[in-house]
Each structure stands twice: as C-alpha cells, then as structure tokens.
>>> print(open('target.pdb').read())   # PDB, C-alpha atoms, pLDDT in the B column
MODEL        1
ATOM      1  CA  MET X 470     -11.338   1.677   7.997  1.00 78.00           C
ATOM      2  CA  VAL X 471      -7.584   1.854   7.395  1.00 88.00           C
ATOM      3  CA  LYS X 472      -6.733   3.142   3.937  1.00 92.00           C
ATOM      4  CA  VAL X 473      -3.424   2.418   2.229  1.00 92.00           C
ATOM      5  CA  ARG X 474      -3.033   6.065   1.219  1.00 93.00           C
ATOM      6  CA  ASP X 475      -3.505   7.252   4.809  1.00 94.00           C
ATOM      7  CA  VAL X 476      -0.887   4.872   6.220  1.00 94.00           C
ATOM      8  CA  VAL X 477       1.501   5.863   3.416  1.00 94.00           C
ATOM      9  CA  ARG X 478       1.074   9.542   4.232  1.00 95.00           C
ATOM     10  CA  GLU X 479       1.613   8.984   7.968  1.00 95.00           C
ATOM     11  CA  VAL X 480       4.760   6.924   7.420  1.00 95.00           C
ATOM     12  CA  VAL X 481       6.172   9.346   4.850  1.00 94.00           C
ATOM     13  CA  ALA X 482       5.461  12.287   7.167  1.00 94.00           C
ATOM     14  CA  GLU X 483       7.437  10.506   9.879  1.00 94.00           C
ATOM     15  CA  ARG X 484      10.312   9.022   7.852  1.00 93.00           C
ATOM     16  CA  ALA X 485      10.672  11.272   4.751  1.00 91.00           C
ATOM     17  CA  ALA X 486       8.705  14.494   5.170  1.00 91.00           C
ATOM     18  CA  HIS X 487      10.370  15.978   2.082  1.00 90.00           C
ATOM     19  CA  GLU X 488       8.293  13.486   0.027  1.00 92.00           C
ATOM     20  CA  LEU X 489       4.924  14.790   1.264  1.00 92.00           C
ATOM     21  CA  PRO X 490       4.350  16.905  -1.879  1.00 91.00           C
ATOM     22  CA  LEU X 491       4.724  13.704  -3.936  1.00 90.00           C
ATOM     23  CA  VAL X 492       2.318  11.777  -1.692  1.00 92.00           C
ATOM     24  CA  ASP X 493      -0.212  14.605  -1.697  1.00 92.00           C
ATOM     25  CA  SER X 494      -0.032  14.863  -5.479  1.00 91.00           C
ATOM     26  CA  LEU X 495      -0.553  11.119  -5.872  1.00 91.00           C
ATOM     27  CA  ARG X 496      -3.562  11.135  -3.538  1.00 88.00           C
ATOM     28  CA  GLN X 497      -5.634  12.879  -6.216  1.00 90.00           C
ATOM     29  CA  PHE X 498      -5.537   9.664  -8.281  1.00 91.00           C
ATOM     30  CA  ASP X 499      -7.212   6.323  -7.609  1.00 91.00           C
ATOM     31  CA  ASP X 500      -5.067   3.560  -6.138  1.00 90.00           C
ATOM     32  CA  ASP X 501      -4.811   1.623  -9.395  1.00 90.00           C
ATOM     33  CA  ARG X 502      -3.326   4.620 -11.171  1.00 91.00           C
ATOM     34  CA  VAL X 503      -0.948   5.367  -8.294  1.00 91.00           C
ATOM     35  CA  VAL X 504       0.325   1.785  -8.328  1.00 90.00           C
ATOM     36  CA  ARG X 505       0.803   1.866 -12.104  1.00 90.00           C
ATOM     37  CA  THR X 506       2.660   5.174 -11.812  1.00 89.00           C
ATOM     38  CA  LEU X 507       4.935   4.073  -8.981  1.00 89.00           C
ATOM     39  CA  SER X 508       5.728   0.677 -10.471  1.00 85.00           C
ATOM     40  CA  ARG X 509       6.213   1.952 -14.017  1.00 77.00           C
ATOM     41  CA  GLN X 510       9.535   1.175 -15.619  1.00 50.00           C
ATOM     42  CA  GLY X 511      11.111   2.903 -18.556  1.00 37.00           C
ATOM     43  CA  GLN X 512      11.602   6.493 -19.585  1.00 38.00           C
ATOM     44  CA  ARG X 513       8.001   7.743 -19.395  1.00 45.00           C
ATOM     45  CA  GLU X 514       7.449  10.512 -16.881  1.00 45.00           C
ATOM     46  CA  VAL X 515       5.006  10.300 -14.039  1.00 46.00           C
ATOM     47  CA  PRO X 516       2.303  12.996 -14.041  1.00 51.00           C
ATOM     48  CA  LEU X 517       4.107  14.985 -11.350  1.00 52.00           C
ATOM     49  CA  GLY X 518       7.101  15.890 -13.460  1.00 53.00           C
ATOM     50  CA  PHE X 519       9.358  13.376 -11.733  1.00 52.00           C
ATOM     51  CA  GLY X 520      11.205  10.959 -13.955  1.00 50.00           C
ATOM     52  CA  TYR X 521      11.375   7.295 -12.985  1.00 43.00           C
ATOM     53  CA  ALA X 522      14.970   7.740 -11.855  1.00 41.00           C
ATOM     54  CA  GLU X 523      13.876  10.180  -9.150  1.00 47.00           C
ATOM     55  CA  VAL X 524      11.014   7.954  -8.003  1.00 45.00           C
ATOM     56  CA  VAL X 525      13.146   4.821  -7.661  1.00 42.00           C
ATOM     57  CA  SER X 526      14.981   5.854  -4.517  1.00 51.00           C
ATOM     58  CA  LEU X 527      12.022   7.381  -2.682  1.00 82.00           C
ATOM     59  CA  VAL X 528      10.276   5.981   0.398  1.00 92.00           C
ATOM     60  CA  THR X 529       6.815   6.596  -1.053  1.00 92.00           C
ATOM     61  CA  PRO X 530       6.859   3.901  -3.761  1.00 92.00           C
ATOM     62  CA  VAL X 531       8.332   1.318  -1.409  1.00 93.00           C
ATOM     63  CA  VAL X 532       5.628   1.811   1.207  1.00 94.00           C
ATOM     64  CA  TRP X 533       2.700   2.347  -1.178  1.00 93.00           C
ATOM     65  CA  LEU X 534       3.449  -0.671  -3.372  1.00 93.00           C
ATOM     66  CA  VAL X 535       3.960  -3.090  -0.471  1.00 93.00           C
ATOM     67  CA  LEU X 536       0.836  -1.912   1.364  1.00 93.00           C
ATOM     68  CA  ASP X 537      -1.197  -2.076  -1.834  1.00 93.00           C
ATOM     69  CA  GLN X 538      -0.101  -5.678  -2.261  1.00 91.00           C
ATOM     70  CA  ALA X 539      -1.105  -6.448   1.350  1.00 90.00           C
ATOM     71  CA  ALA X 540      -4.511  -4.809   0.849  1.00 88.00           C
ATOM     72  CA  ARG X 541      -5.139  -6.760  -2.353  1.00 86.00           C
ATOM     73  CA  ARG X 542      -4.225  -9.998  -0.590  1.00 80.00           C
ATOM     74  CA  GLY X 543      -6.766  -9.168   2.126  1.00 60.00           C
ATOM     75  CA  VAL X 544      -9.472  -8.536  -0.464  1.00 47.00           C
ATOM     76  CA  ASP X 545      -8.602 -11.792  -2.213  1.00 46.00           C
ATOM     77  CA  MET X 546      -8.855 -13.725   1.072  1.00 48.00           C
ATOM     78  CA  ALA X 547     -12.234 -12.151   1.885  1.00 45.00           C
ATOM     79  CA  THR X 548     -13.533 -12.928  -1.600  1.00 42.00           C
ATOM     80  CA  GLU X 549     -12.372 -16.548  -1.404  1.00 47.00           C
ATOM     81  CA  SER X 550     -14.030 -16.934   1.994  1.00 48.00           C
ATOM     82  CA  ALA X 551     -17.326 -15.554   0.702  1.00 45.00           C
ATOM     83  CA  LEU X 552     -17.196 -17.811  -2.330  1.00 46.00           C
ATOM     84  CA  ALA X 553     -16.517 -20.815  -0.134  1.00 48.00           C
ATOM     85  CA  ARG X 554     -19.734 -20.064   1.764  1.00 47.00           C
ATOM     86  CA  GLY X 555     -21.704 -20.479  -1.425  1.00 47.00           C
ATOM     87  CA  ARG X 556     -22.061 -17.034  -2.930  1.00 49.00           C
ATOM     88  CA  ALA X 557     -21.602 -18.090  -6.529  1.00 48.00           C
ATOM     89  CA  GLY X 558     -22.518 -14.731  -8.057  1.00 52.00           C
ATOM     90  CA  LEU X 559     -20.098 -12.671  -5.978  1.00 51.00           C
ATOM     91  CA  ARG X 560     -17.122 -13.143  -8.280  1.00 51.00           C
ATOM     92  CA  ARG X 561     -19.137 -12.023 -11.317  1.00 51.00           C
ATOM     93  CA  LEU X 562     -20.375  -8.943  -9.464  1.00 52.00           C
ATOM     94  CA  LEU X 563     -16.878  -8.047  -8.277  1.00 55.00           C
ATOM     95  CA  ARG X 564     -15.545  -8.202 -11.825  1.00 53.00           C
ATOM     96  CA  ARG X 565     -18.205  -5.748 -13.000  1.00 51.00           C
ATOM     97  CA  ALA X 566     -17.855  -3.329 -10.117  1.00 51.00           C
ATOM     98  CA  PRO X 567     -15.560  -0.362 -10.702  1.00 55.00           C
ATOM     99  CA  ALA X 568     -12.438  -0.267  -8.569  1.00 53.00           C
ATOM    100  CA  GLY X 569     -12.893   1.782  -5.437  1.00 58.00           C
ATOM    101  CA  PRO X 570     -10.737   4.880  -5.126  1.00 61.00           C
ATOM    102  CA  ASP X 571      -9.221   3.867  -1.798  1.00 80.00           C
ATOM    103  CA  ARG X 572      -7.651   0.486  -1.091  1.00 84.00           C
ATOM    104  CA  VAL X 573      -8.410  -0.664   2.468  1.00 87.00           C
ATOM    105  CA  LEU X 574      -6.165  -2.754   4.668  1.00 87.00           C
ATOM    106  CA  VAL X 575      -7.662  -5.551   6.718  1.00 85.00           C
ATOM    107  CA  GLU X 576      -6.269  -6.334  10.127  1.00 88.00           C
ATOM    108  CA  LEU X 577      -3.077  -8.296   9.616  1.00 88.00           C
ATOM    109  CA  ALA X 578      -1.965 -11.234  11.728  1.00 89.00           C
ATOM    110  CA  ARG X 579       1.487 -11.272  13.314  1.00 91.00           C
ATOM    111  CA  ASP X 580       2.966 -13.416  10.485  1.00 92.00           C
ATOM    112  CA  GLU X 581       1.433 -11.117   7.858  1.00 91.00           C
ATOM    113  CA  LEU X 582       2.963  -8.074   9.564  1.00 93.00           C
ATOM    114  CA  ALA X 583       6.316  -9.867   9.501  1.00 93.00           C
ATOM    115  CA  LEU X 584       5.854 -10.477   5.779  1.00 93.00           C
ATOM    116  CA  VAL X 585       5.050  -6.789   5.170  1.00 93.00           C
ATOM    117  CA  ARG X 586       8.199  -5.868   7.107  1.00 95.00           C
ATOM    118  CA  THR X 587      10.267  -8.259   4.982  1.00 95.00           C
ATOM    119  CA  HIS X 588       8.849  -6.849   1.742  1.00 94.00           C
ATOM    120  CA  ILE X 589       9.532  -3.252   2.848  1.00 94.00           C
ATOM    121  CA  LEU X 590      13.125  -4.202   3.728  1.00 95.00           C
ATOM    122  CA  GLU X 591      13.653  -5.964   0.393  1.00 94.00           C
ATOM    123  CA  ARG X 592      12.197  -3.188  -1.741  1.00 92.00           C
ATOM    124  CA  ALA X 593      13.943  -0.413   0.162  1.00 93.00           C
ATOM    125  CA  THR X 594      17.375  -2.052  -0.034  1.00 92.00           C
ATOM    126  CA  GLU X 595      16.829  -2.929  -3.717  1.00 90.00           C
ATOM    127  CA  ARG X 596      16.259   0.773  -4.342  1.00 88.00           C
ATOM    128  CA  GLY X 597      19.511   1.705  -2.639  1.00 89.00           C
ATOM    129  CA  MET X 598      18.384   2.596   0.863  1.00 91.00           C
ATOM    130  CA  ALA X 599      20.867   1.823   3.640  1.00 92.00           C
ATOM    131  CA  ARG X 600      19.972  -1.279   5.684  1.00 94.00           C
ATOM    132  CA  GLU X 601      19.507   0.672   8.941  1.00 95.00           C
ATOM    133  CA  GLU X 602      17.265   3.214   7.226  1.00 94.00           C
ATOM    134  CA  ALA X 603      15.263   0.425   5.549  1.00 94.00           C
ATOM    135  CA  GLU X 604      14.781  -1.305   8.911  1.00 96.00           C
ATOM    136  CA  ALA X 605      13.569   1.922  10.507  1.00 95.00           C
ATOM    137  CA  LEU X 606      11.137   2.434   7.620  1.00 95.00           C
ATOM    138  CA  ALA X 607       9.859  -1.156   7.874  1.00 95.00           C
ATOM    139  CA  ASP X 608       9.420  -0.792  11.634  1.00 96.00           C
ATOM    140  CA  SER X 609       7.441   2.432  11.136  1.00 95.00           C
ATOM    141  CA  VAL X 610       5.104   0.777   8.645  1.00 95.00           C
ATOM    142  CA  VAL X 611       4.515  -2.261  10.866  1.00 95.00           C
ATOM    143  CA  ALA X 612       3.937  -0.063  13.916  1.00 94.00           C
ATOM    144  CA  ARG X 613       1.308   1.959  12.030  1.00 93.00           C
ATOM    145  CA  LEU X 614      -0.422  -1.200  10.823  1.00 92.00           C
ATOM    146  CA  ALA X 615      -0.323  -2.871  14.231  1.00 91.00           C
ATOM    147  CA  THR X 616      -1.834   0.125  16.015  1.00 89.00           C
ATOM    148  CA  ALA X 617      -4.393   1.106  13.351  1.00 83.00           C
ATOM    149  CA  ALA X 618      -8.038   0.792  14.338  1.00 67.00           C
ATOM    150  CA  HIS X 619      -9.770  -1.693  12.067  1.00 60.00           C
ATOM    151  CA  PRO X 620     -13.567  -2.057  11.731  1.00 57.00           C
ATOM    152  CA  ALA X 621     -13.524  -5.475  13.476  1.00 52.00           C
ATOM    153  CA  GLN X 622     -11.697  -3.958  16.458  1.00 47.00           C
ATOM    154  CA  ALA X 623     -14.177  -1.085  16.655  1.00 45.00           C
ATOM    155  CA  ASP X 624     -17.096  -3.557  16.649  1.00 48.00           C
ATOM    156  CA  GLN X 625     -15.538  -5.578  19.488  1.00 47.00           C
ATOM    157  CA  ALA X 626     -14.956  -2.455  21.558  1.00 46.00           C
ATOM    158  CA  GLU X 627     -18.661  -1.505  21.479  1.00 46.00           C
TER     159      GLU X 627
ENDMDL
END
>>> encode(input="target.pdb", output="structure tokens")
Amino acid sequence: MVKVRDVVREVVAERAAHELPLVDSLRQFDDDRVVRTLSRQGQREVPLGFGYAEVVSLVTPVVWLVLDQAARRGVDMATESALARGRAGLRRLLRRAPAGPDRVLVELARDELALVRTHILERATERGMAREEAEALADSVVARLATAAHPAQADQAE
C-alpha cells in the first residue's frame, strides 16, 4: 500500500530536507486536515506556527496537494467501477464511512504519471520555484510513484 504521506516524506527528504520538520508535524493530522491546511488561503496561521506566506513557496504543499488529488481520482475510479458492476449500496456506505487517516495511491498508468508530473511542474512554478528545480522535483515524484510497490504488483509477484 503506497500512502500519499509516505511518498511526500521520501520526496521532501530527497529534494528539500529542511522541510522535514514541517512534513513530520503535518503527519500527525489526517489527510483531509493536511490538505485543508496546505491549500488554505488568507491570513490564518497553520497549526505549526507558519504563516501562509511561508508555506506558499515550499515543496511540501506542491507534492502533497498533487498526490492527494491523484489518490482521490484513483478512489473515484474504483468507486465508479464498483458501482457499474451493480453494487447500488456502495455509494451510500462510502458517504457514511469516516475518512481514513491515510490516503492511498493506486498504481498509475504512464499517462497518469505524466499528468502528475505536469501538475507538479505547474504548481511549483506558480509558487515561484525555478523551472529546473520544478522539473527535478516533478521527476523525483514520478520516479517514486513509478517504482512504488502497489498491492496489485505484490499479488502478481506471488
């Protein structure tokens, strides 16, 4: 199982180790709260004592927010597939179920990895990161995702 928070930590450790205290502090919260905190706009402070201005230019929000979006898309696709097979009550049950603490990434196809790379590049450059640095960050994220062991791969290996 590949968790968003684990990939974020690995990429941040490689590309921006000085942000590890931020990542480690955020890991105590569930993914929904982390996403709200990192995507928050305005003058409110995040629970770590960082103002939004400090968070804007960091690697952590870029990677976490894009990977969270990819994980949600994977969950949506799995839910739609299950519903298409005739599980009418699944949607109602999913709405009632509390959100899990850790968002999980499904195995991404080549075109989906390219889309993640594009989103990382866009967000990073929007936040003021140099193009070369943004490309290196995007490549790191895609490399982690491409080489991560997913449950389907583990089942095939056995």
>>> closest_residue(input="target.pdb", among="X:Val528, X:Val535, X:Arg509, X:Asp475", to="His487 in chain X", atoms="all atoms listed in the file")
X:Val528
>>> closest_atom_pairs(input="target.pdb", of="range 470-503 of chain X", to="range 575-598 of chain X", cutoff="12 Å", atoms="only C-alpha atoms", output="tab-separated table")
residue	atom	partner	partner_atom	distance
X:Met470	CA	X:Val575	CA	8.2
X:Val471	CA	X:Val575	CA	7.4
X:Lys472	CA	X:Val575	CA	9.2
X:Val473	CA	X:Val575	CA	10.1
>>> closest_residue(input="target.pdb", among="X:Leu534, X:Leu606, X:Val573, X:Leu527", to="Glu488 in chain X", atoms="all atoms listed in the file")
X:Leu527
>>> atom_distance(input="target.pdb", atom1="CA of Leu574 in chain X", atom2="CA of Leu536 in chain X")
7.8 Å
>>> atom_distance(input="target.pdb", atom1="CA of Arg505 in chain X", atom2="CA of Val532 in chain X")
14.2 Å
>>> atom_distance(input="target.pdb", atom1="CA of Arg541 in chain X", atom2="CA of Val481 in chain X")
21.0 Å
>>> axis_aligned_box(input="target.pdb", around="range 493-509 of chain X", padding_each_side="5 Å", output="AutoDock Vina command-line options")
--center_x -0.5 --center_y 7.8 --center_z -7.9 --size_x 23.4 --size_y 24.2 --size_z 22.3
>>> closest_residue(input="target.pdb", among="X:Ala485, X:Val480, X:Arg474, X:Asp499", to="Val611 in chain X", atoms="all atoms listed in the file")
X:Val480
>>> closest_residue(input="target.pdb", among="X:Ala540, X:Ala599, X:Leu491, X:Ala486", to="Leu614 in chain X", atoms="only C-alpha atoms")
X:Ala540
>>> closest_residue(input="target.pdb", among="X:Arg572, X:Arg478, X:Arg542, X:Arg484", to="Val504 in chain X", atoms="all atoms listed in the file")
X:Arg572
